[in-house]
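Here is the file protein-v1.cif (mmCIF, C-alpha atoms and all ligand atoms).
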```cif
data_my_file
#
loop_
_atom_site.group_PDB
_atom_site.id
_atom_site.type_symbol
_atom_site.label_atom_id
_atom_site.label_comp_id
_atom_site.auth_asym_id
_atom_site.auth_seq_id
_atom_site.Cartn_x
_atom_site.Cartn_y
_atom_site.Cartn_z
ATOM 1 C CA MET A 1 115.798 199.363 243.552
ATOM 2 C CA ARG A 2 115.618 195.568 243.651
ATOM 3 C CA PRO A 3 119.027 194.250 242.580
ATOM 4 C CA LEU A 4 119.119 191.892 239.608
ATOM 5 C CA LEU A 5 122.875 191.441 239.214
ATOM 6 C CA ARG A 6 125.218 191.952 242.159
ATOM 7 C CA LEU A 7 128.968 191.881 241.751
ATOM 8 C CA LYS A 8 130.865 191.712 245.010
ATOM 9 C CA GLY A 9 134.637 191.905 245.058
ATOM 10 C CA VAL A 10 135.008 190.255 241.662
ATOM 11 C CA GLU A 11 138.571 189.352 240.768
ATOM 12 C CA ALA A 12 139.451 187.675 237.492
ATOM 13 C CA GLY A 13 142.303 187.165 235.103
ATOM 14 C CA TYR A 14 144.105 185.025 232.610
ATOM 15 C CA GLY A 15 146.475 182.529 234.141
ATOM 16 C CA PRO A 16 148.745 184.373 236.551
ATOM 17 C CA ALA A 17 147.711 187.765 235.160
ATOM 18 C CA ARG A 18 145.079 189.410 237.319
ATOM 19 C CA VAL A 19 142.877 191.859 235.422
ATOM 20 C CA LEU A 20 140.022 192.586 237.867
ATOM 21 C CA ASN A 21 141.040 193.628 241.368
ATOM 22 C CA GLY A 22 137.780 193.486 243.295
ATOM 23 C CA VAL A 23 134.900 195.018 241.364
ATOM 24 C CA SER A 24 131.599 195.617 243.151
ATOM 25 C CA PHE A 25 128.410 197.133 241.764
ATOM 26 C CA ASP A 26 124.776 196.220 241.183
ATOM 27 C CA VAL A 27 122.373 196.416 238.273
ATOM 28 C CA GLY A 28 118.834 196.858 239.533
ATOM 29 C CA VAL A 29 115.662 195.537 237.936
ATOM 30 C CA GLY A 30 114.708 197.886 235.101
ATOM 31 C CA GLU A 31 117.937 199.838 235.408
ATOM 32 C CA VAL A 32 120.380 200.839 232.671
ATOM 33 C CA VAL A 33 123.913 200.811 234.056
ATOM 34 C CA ALA A 34 126.755 201.974 231.819
ATOM 35 C CA LEU A 35 130.246 200.580 232.318
ATOM 36 C CA MET A 36 132.981 202.791 230.921
ATOM 37 C CA GLY A 37 136.754 202.813 230.893
ATOM 38 C CA ARG A 38 139.697 203.062 228.568
ATOM 39 C CA ASN A 39 140.823 200.097 226.475
ATOM 40 C CA GLY A 40 142.348 197.282 228.467
ATOM 41 C CA MET A 41 140.811 198.287 231.798
ATOM 42 C CA GLY A 42 138.917 195.017 232.189
ATOM 43 C CA LYS A 43 135.392 195.705 230.895
ATOM 44 C CA THR A 44 135.210 192.664 228.635
ATOM 45 C CA THR A 45 136.885 190.544 231.293
ATOM 46 C CA LEU A 46 134.091 191.580 233.671
ATOM 47 C CA VAL A 47 131.503 190.499 231.084
ATOM 48 C CA ARG A 48 133.317 187.172 230.731
ATOM 49 C CA SER A 49 133.348 186.827 234.512
ATOM 50 C CA ILE A 50 129.572 187.214 234.630
ATOM 51 C CA LEU A 51 128.995 184.711 231.800
ATOM 52 C CA GLY A 52 131.406 182.064 233.095
ATOM 53 C CA LEU A 53 133.835 182.694 230.241
ATOM 54 C CA ALA A 54 136.865 183.946 232.184
ATOM 55 C CA PRO A 55 139.611 181.427 232.997
ATOM 56 C CA TRP A 56 139.311 182.180 236.702
ATOM 57 C CA VAL A 57 137.055 184.348 238.842
ATOM 58 C CA ARG A 58 136.898 185.069 242.563
ATOM 59 C CA GLY A 59 134.326 187.001 244.544
ATOM 60 C CA ARG A 60 130.579 186.847 244.113
ATOM 61 C CA VAL A 61 128.462 187.109 240.984
ATOM 62 C CA LEU A 62 124.866 187.015 242.167
ATOM 63 C CA PHE A 63 121.942 187.007 239.782
ATOM 64 C CA GLU A 64 118.858 187.612 241.877
ATOM 65 C CA THR A 65 119.869 185.324 244.729
ATOM 66 C CA ARG A 66 121.769 182.736 242.674
ATOM 67 C CA GLU A 67 125.542 182.488 242.597
ATOM 68 C CA LEU A 68 126.582 182.312 238.943
ATOM 69 C CA ARG A 69 130.268 181.823 239.584
ATOM 70 C CA GLY A 70 131.315 178.305 238.660
ATOM 71 C CA GLN A 71 128.208 177.594 236.588
ATOM 72 C CA PRO A 72 128.469 176.705 232.904
ATOM 73 C CA THR A 73 127.722 179.481 230.431
ATOM 74 C CA TYR A 74 124.629 177.821 228.960
ATOM 75 C CA ARG A 75 123.069 177.694 232.395
ATOM 76 C CA ILE A 76 123.921 181.334 233.062
ATOM 77 C CA ALA A 77 122.304 182.278 229.755
ATOM 78 C CA ARG A 78 119.275 180.193 230.628
ATOM 79 C CA ALA A 79 119.072 181.920 234.012
ATOM 80 C CA GLY A 80 118.239 185.064 232.039
ATOM 81 C CA ILE A 81 121.353 186.864 230.834
ATOM 82 C CA GLY A 82 121.587 187.783 227.156
ATOM 83 C CA LEU A 83 124.925 188.918 225.745
ATOM 84 C CA VAL A 84 125.681 191.066 222.720
ATOM 85 C CA PRO A 85 129.386 190.255 222.629
ATOM 86 C CA GLU A 86 132.242 192.524 221.695
ATOM 87 C CA GLY A 87 132.835 192.128 217.961
ATOM 88 C CA ARG A 88 129.219 190.889 217.444
ATOM 89 C CA GLN A 89 130.165 187.244 216.908
ATOM 90 C CA THR A 90 127.100 186.258 214.958
ATOM 91 C CA PHE A 91 127.135 182.675 213.646
ATOM 92 C CA PRO A 92 128.785 183.291 210.241
ATOM 93 C CA ASN A 93 127.476 180.267 208.375
ATOM 94 C CA LEU A 94 123.916 180.434 209.628
ATOM 95 C CA THR A 95 121.276 182.563 207.968
ATOM 96 C CA VAL A 96 119.890 185.626 209.676
ATOM 97 C CA ARG A 97 116.744 183.716 210.597
ATOM 98 C CA GLU A 98 118.803 180.830 211.969
ATOM 99 C CA ASN A 99 120.935 183.236 214.007
ATOM 100 C CA LEU A 100 117.776 184.634 215.561
ATOM 101 C CA THR A 101 116.216 181.273 216.327
ATOM 102 C CA ALA A 102 119.231 179.051 217.152
ATOM 103 C CA THR A 103 119.507 180.208 220.764
ATOM 104 C CA ALA A 104 115.975 181.571 221.177
ATOM 105 C CA SER A 105 114.160 180.830 224.389
ATOM 106 C CA PRO A 106 110.860 181.992 225.859
ATOM 107 C CA GLY A 107 112.654 183.291 228.941
ATOM 108 C CA ARG A 108 110.824 183.544 232.222
ATOM 109 C CA SER A 109 108.963 186.818 231.999
ATOM 110 C CA GLY A 110 105.987 185.302 230.224
ATOM 111 C CA LYS A 111 104.668 188.634 229.005
ATOM 112 C CA ASP A 112 105.267 189.901 225.483
ATOM 113 C CA PRO A 113 108.086 187.538 224.516
ATOM 114 C CA TRP A 114 110.391 188.535 221.650
ATOM 115 C CA THR A 115 109.638 186.886 218.323
ATOM 116 C CA VAL A 116 111.307 187.091 214.908
ATOM 117 C CA GLU A 117 108.506 189.429 213.838
ATOM 118 C CA ARG A 118 109.117 191.780 216.758
ATOM 119 C CA VAL A 119 112.863 191.847 216.108
ATOM 120 C CA LEU A 120 112.158 192.714 212.474
ATOM 121 C CA ALA A 121 109.820 195.496 213.580
ATOM 122 C CA MET A 122 112.711 196.950 215.576
ATOM 123 C CA PHE A 123 115.303 196.387 212.818
ATOM 124 C CA PRO A 124 113.403 196.477 209.493
ATOM 125 C CA GLN A 125 116.642 196.269 207.466
ATOM 126 C CA LEU A 126 117.046 192.669 208.551
ATOM 127 C CA ALA A 127 113.743 191.632 206.944
ATOM 128 C CA ALA A 128 115.189 191.600 203.426
ATOM 129 C CA ARG A 129 118.204 189.590 204.623
ATOM 130 C CA MET A 130 116.482 186.738 206.443
ATOM 131 C CA ARG A 131 117.896 184.064 204.126
ATOM 132 C CA ALA A 132 121.357 185.607 203.829
ATOM 133 C CA MET A 133 124.320 184.092 205.664
ATOM 134 C CA ALA A 134 125.321 186.303 208.566
ATOM 135 C CA ASN A 135 128.858 186.702 207.195
ATOM 136 C CA THR A 136 127.463 188.510 204.147
ATOM 137 C CA LEU A 137 125.855 191.246 206.264
ATOM 138 C CA SER A 138 127.270 194.731 206.736
ATOM 139 C CA GLY A 139 128.720 195.616 210.135
ATOM 140 C CA GLY A 140 125.589 197.508 211.097
ATOM 141 C CA GLU A 141 123.331 194.643 210.054
ATOM 142 C CA GLN A 142 125.472 192.186 212.026
ATOM 143 C CA GLN A 143 125.177 194.392 215.084
ATOM 144 C CA MET A 144 121.405 194.494 214.752
ATOM 145 C CA LEU A 145 121.416 190.733 214.325
ATOM 146 C CA ALA A 146 123.550 190.281 217.443
ATOM 147 C CA ILE A 147 121.113 192.416 219.438
ATOM 148 C CA GLY A 148 118.113 190.605 217.954
ATOM 149 C CA ARG A 149 119.676 187.233 218.765
ATOM 150 C CA ALA A 150 120.175 188.270 222.398
ATOM 151 C CA LEU A 151 116.622 189.632 222.653
ATOM 152 C CA MET A 152 115.254 186.345 221.290
ATOM 153 C CA THR A 153 116.498 184.688 224.502
ATOM 154 C CA ASN A 154 114.111 187.024 226.363
ATOM 155 C CA PRO A 155 116.797 187.936 228.875
ATOM 156 C CA ALA A 156 116.051 189.464 232.258
ATOM 157 C CA LEU A 157 119.396 191.251 231.853
ATOM 158 C CA LEU A 158 120.801 192.340 228.507
ATOM 159 C CA ILE A 159 124.547 192.973 228.387
ATOM 160 C CA LEU A 160 126.009 194.879 225.424
ATOM 161 C CA ASP A 161 129.788 195.019 225.030
ATOM 162 C CA GLU A 162 130.697 197.933 222.724
ATOM 163 C CA ALA A 163 127.633 197.492 220.529
ATOM 164 C CA THR A 164 128.153 200.813 218.742
ATOM 165 C CA GLU A 165 131.862 200.264 218.082
ATOM 166 C CA GLY A 166 132.900 200.759 214.456
ATOM 167 C CA LEU A 167 129.486 201.901 213.260
ATOM 168 C CA SER A 168 128.641 205.072 211.357
ATOM 169 C CA PRO A 169 126.991 207.872 213.360
ATOM 170 C CA ALA A 170 123.641 207.087 211.708
ATOM 171 C CA LEU A 171 123.837 203.412 212.645
ATOM 172 C CA ARG A 172 125.006 204.262 216.155
ATOM 173 C CA GLN A 173 121.971 206.482 216.466
ATOM 174 C CA GLU A 174 119.774 203.570 215.489
ATOM 175 C CA ILE A 175 121.304 201.375 218.197
ATOM 176 C CA TRP A 176 120.824 204.106 220.825
ATOM 177 C CA ALA A 177 117.188 204.500 219.771
ATOM 178 C CA CYS A 178 116.736 200.736 220.122
ATOM 179 C CA LEU A 179 118.230 200.834 223.617
ATOM 180 C CA ALA A 180 115.944 203.702 224.625
ATOM 181 C CA THR A 181 112.954 201.664 223.441
ATOM 182 C CA LEU A 182 114.133 198.669 225.458
ATOM 183 C CA GLN A 183 114.666 200.879 228.490
ATOM 184 C CA ALA A 184 111.120 202.236 228.189
ATOM 185 C CA ARG A 185 109.873 198.634 228.195
ATOM 186 C CA GLY A 186 111.636 198.073 231.513
ATOM 187 C CA GLN A 187 114.520 196.006 230.158
ATOM 188 C CA SER A 188 117.451 195.795 232.600
ATOM 189 C CA ILE A 189 120.658 196.610 230.730
ATOM 190 C CA LEU A 190 124.391 196.577 231.444
ATOM 191 C CA LEU A 191 125.906 198.652 228.704
ATOM 192 C CA ILE A 192 129.573 198.990 227.852
ATOM 193 C CA ASP A 193 130.289 201.883 225.548
ATOM 194 C CA LYS A 194 132.632 204.787 224.981
ATOM 195 C CA HIS A 195 130.179 207.405 223.721
ATOM 196 C CA VAL A 196 129.678 209.843 226.551
ATOM 197 C CA ALA A 197 126.752 211.921 225.235
ATOM 198 C CA PRO A 198 124.308 209.039 224.635
ATOM 199 C CA ILE A 199 125.384 207.365 227.875
ATOM 200 C CA ARG A 200 124.583 210.574 229.723
ATOM 201 C CA ARG A 201 121.115 210.521 228.168
ATOM 202 C CA ILE A 202 120.254 206.898 228.776
ATOM 203 C CA ALA A 203 122.170 205.560 231.781
ATOM 204 C CA ASP A 204 120.529 205.546 235.207
ATOM 205 C CA ARG A 205 123.955 205.008 236.715
ATOM 206 C CA ILE A 206 127.523 204.959 235.422
ATOM 207 C CA VAL A 207 130.492 202.916 236.633
ATOM 208 C CA ILE A 208 134.015 203.656 235.387
ATOM 209 C CA LEU A 209 136.713 200.991 235.558
ATOM 210 C CA GLU A 210 140.366 201.782 235.778
ATOM 211 C CA LYS A 211 142.966 199.013 235.998
ATOM 212 C CA GLY A 212 140.413 196.485 237.142
ATOM 213 C CA ARG A 213 138.933 198.664 239.883
ATOM 214 C CA VAL A 214 135.914 200.932 240.091
ATOM 215 C CA ALA A 215 137.488 204.366 239.732
ATOM 216 C CA TRP A 216 134.240 206.310 239.771
ATOM 217 C CA ARG A 217 130.508 205.708 240.068
ATOM 218 C CA GLY A 218 127.568 208.064 239.892
ATOM 219 C CA THR A 219 124.852 209.485 237.687
ATOM 220 C CA ALA A 220 125.050 211.538 234.500
ATOM 221 C CA GLU A 221 124.907 214.792 236.474
ATOM 222 C CA GLY A 222 128.056 213.838 238.360
ATOM 223 C CA LEU A 223 129.971 212.866 235.231
ATOM 224 C CA THR A 224 131.841 216.130 234.950
ATOM 225 C CA ASP A 225 134.545 217.033 232.457
ATOM 226 C CA ASP A 226 137.025 216.624 235.283
ATOM 227 C CA VAL A 227 135.889 213.047 235.947
ATOM 228 C CA LEU A 228 136.007 212.250 232.224
ATOM 229 C CA ASP A 229 139.461 213.709 231.891
ATOM 230 C CA ARG A 230 140.772 211.872 234.939
ATOM 231 C CA THR A 231 139.289 208.433 234.204
ATOM 232 C CA LEU A 232 138.835 208.263 230.433
ATOM 233 C CA GLY A 233 141.216 210.904 229.157
ATOM 234 C CA VAL A 234 138.511 212.540 227.049
HETATM 235 N N1 LIG B 301 142.401 186.158 226.417
HETATM 236 C C1 LIG B 301 143.272 186.931 227.106
HETATM 237 N N2 LIG B 301 144.445 186.433 227.551
HETATM 238 C C2 LIG B 301 145.322 187.200 228.244
HETATM 239 N N3 LIG B 301 145.093 188.493 228.551
HETATM 240 C C3 LIG B 301 143.952 189.048 228.133
HETATM 241 C C4 LIG B 301 142.979 188.310 227.375
HETATM 242 N N4 LIG B 301 141.937 189.128 227.111
HETATM 243 C C5 LIG B 301 142.245 190.319 227.647
HETATM 244 N N5 LIG B 301 143.445 190.277 228.269
HETATM 245 C C6 LIG B 301 144.095 191.393 228.984
HETATM 246 O O1 LIG B 301 143.250 191.783 230.054
HETATM 247 C C7 LIG B 301 143.245 193.201 230.193
HETATM 248 C C8 LIG B 301 141.826 193.697 230.119
HETATM 249 O O2 LIG B 301 141.287 193.420 228.853
HETATM 250 P P1 LIG B 301 139.753 193.631 228.517
HETATM 251 O O3 LIG B 301 138.948 193.039 229.617
HETATM 252 O O4 LIG B 301 139.531 193.111 227.145
HETATM 253 O O5 LIG B 301 139.628 195.211 228.573
HETATM 254 P P2 LIG B 301 138.544 196.205 227.954
HETATM 255 O O6 LIG B 301 137.361 195.417 227.546
HETATM 256 O O7 LIG B 301 138.273 197.170 229.066
HETATM 257 O O8 LIG B 301 139.219 196.894 226.802
HETATM 258 C C9 LIG B 301 144.141 193.744 229.089
HETATM 259 O O9 LIG B 301 145.406 193.991 229.651
HETATM 260 C C10 LIG B 301 144.213 192.619 228.101
HETATM 261 O O10 LIG B 301 145.423 192.614 227.416
HETATM 262 MG MG MG B 302 136.412 195.215 225.714
#
```
Transcribe the structure of this file into structure tokens.
Ligand SMILES: Nc1ncnc2c1ncn2[C@@H]1O[C@H](COP(=O)(O)OP(=O)(O)O)[C@@H](O)[C@H]1O
Ligand SMILES: [Mg+2]
Amino acid sequence: MRPLLRLKGVEAGYGPARVLNGVSFDVGVGEVVALMGRNGMGKTTLVRSILGLAPWVRGRVLFETRELRGQPTYRIARAGIGLVPEGRQTFPNLTVRENLTATASPGRSGKDPWTVERVLAMFPQLAARMRAMANTLSGGEQQMLAIGRALMTNPALLILDEATEGLSPALRQEIWACLATLQARGQSILLIDKHVAPIRRIADRIVILEKGRVAWRGTAEGLTDDVLDRTLGV
């Protein structure tokens, strides 16, 4: 598997507080890697470390062969990383259409780029809301918008931080179906989520963080009840 993102001994934190204690794993081209862990274990801090949003980072964050560490976030995004942030964070006072187009970019892949029309084909509910301000959308609609906005940057790597959090089971199902479609198209994905059953179905590999370290890594078959109990308490 050709690596797309390589994390090597990543340490990060907030001021004197160290949150990541040397995290290493790869996401290969076309791979779906799930990152799991209880609240406060450093998953979002790892996402911030990749995107240049953490106050300090040590170690290596390689995207293809480029070192991302120390680069500004806009350049990291332009290099081909699309983020669906924790809490969605759509632009509240922009319309749905503006949210989709504000950060859109053709990306580098060249083939089959995402367009507004293709996002609406994936999330038909958004079609009727194109002129609505994002802050008037339901939680589920905002989540779809956040995913659509990230796809419109045509990212080589899509990162989703708790994209199914706070959604009804039906809406969660819709997000998982979307991710399966993206996976079938060969989209590389780093997925942070707490729902074990869909992760087992979709993830090529699973990494579990505990106190800023990789506590376990493997495939769905290896993710036994014992591992879940030990690392996630579920
Ligand atoms: N902006 C911040 N300033 C200080 N500490 C933070 C900040 N964000 C998160 N932390 C702390 O870093 C640790 C990891 O948080 P986080 O990366 O958000 O975990 P997770 O995403 O796994 O729930 C927690 O102890 C949290 O309190
Ligand atoms: Mg988090």
**Report entry** Contacts of ligand MG 302 (chain B), 9 Å or closer, all atoms listed in the file, given as a ChimeraX atom specification
**Finding:** /A:38-45,47,86,161-162,192
Requested in this report: Please give me, as number ranges by chain, the residues lying within 12 Å of ligand LIG 301 (chain B) when counting only C-alpha atoms and all ligand atoms.
Outcome: A: 11-21, 35-49, 53-56, 85-87, 160-162, 165, 191-194, 208-214, 232
Requested in this report: Find the residues near A:Val116: any atom within 12 Å, counting only C-alpha atoms, skip ones fewer than 4 places away on the same chain, and give them as number ranges by chain.
Outcome: A: 96-102, 104-105, 120-124, 126-127, 130, 145, 148-154
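Those residues returned by the PyMOL selection byres (((chain A and resi 141) around 10) and not hetatm) for this file are A:Val96, A:Phe123, A:Gln125, A:Leu126, A:Arg129, A:Ala134, A:Thr136, A:Leu137, A:Ser138, A:Gly139, A:Gly140, A:Gln142, A:Gln143, A:Met144, A:Leu145, A:Ala146, A:Ile147, A:Leu171.
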Query - Selection under test: the PyMOL selection byres (((chain A and resi 8) around 9) and not hetatm); residues as a list in words - result: Arg6, Leu7, Gly9, Val10, Gly22, Val23, Ser24, Phe25, Asp26, Gly59, Arg60, Val61 and Leu62 of chain A
Report task. Determine the residue membership of the PyMOL selection byres (((chain A and resi 79) around 10) and not hetatm) for the file above and supply it as a list of chain:residue names. Result ->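 What the PyMOL selection byres (((chain A and resi 79) around 10) and not hetatm) grabs from the file is A:Phe63, A:Glu64, A:Arg66, A:Leu68, A:Thr73, A:Tyr74, A:Arg75, A:Ile76, A:Ala77, A:Arg78, A:Gly80, A:Ile81, A:Gly82, A:Gly107, A:Arg108, A:Pro155, A:Ala156, A:Leu157.
Minimum atom-to-atom distances from A:Leu4, A:Val227, A:Val234, A:Val32 to A:Thr181 were compared using only C-alpha atoms, and the lowest value belongs to A:Val32.
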Taking every listed atom of stretch 4-14 of chain A and adding 3 Å to each side, what centre and edge lengths in Å (one decimal) does the axis-aligned box have, as AutoDock Vina command-line options?
```
--center_x 131.6 --center_y 188.5 --center_z 238.8 --size_x 31.0 --size_y 12.9 --size_z 18.4
```
Query raised in the report: Quick one: distance from atom CA of A:Gly28 to atom CA of A:Leu5 in Å, one decimal?
Result: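 These two atoms are separated by 6.8 Å.
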Requested in this report: Can you work out the spacing between atom CA of A:Leu83 and atom CA of A:Arg58 in Å, to one decimal?
Outcome: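 So the two atoms, atom CA of A:Leu83 and atom CA of A:Arg58, lie 21.0 Å apart.
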Query raised in the report: Between A:Ile202, A:Ala197, A:Ala184, A:Ala163, which has the minimum distance to A:Leu228 (counting all atoms listed in the file)?
Result: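 Checking each candidate against A:Leu228, we get A:Ala197 as the closest.
Taking all atoms listed in the file into account, A:Ala180 lies nearest to A:Ala203 out of the set A:Leu158, A:Ala220, A:Ala203, A:Leu167.
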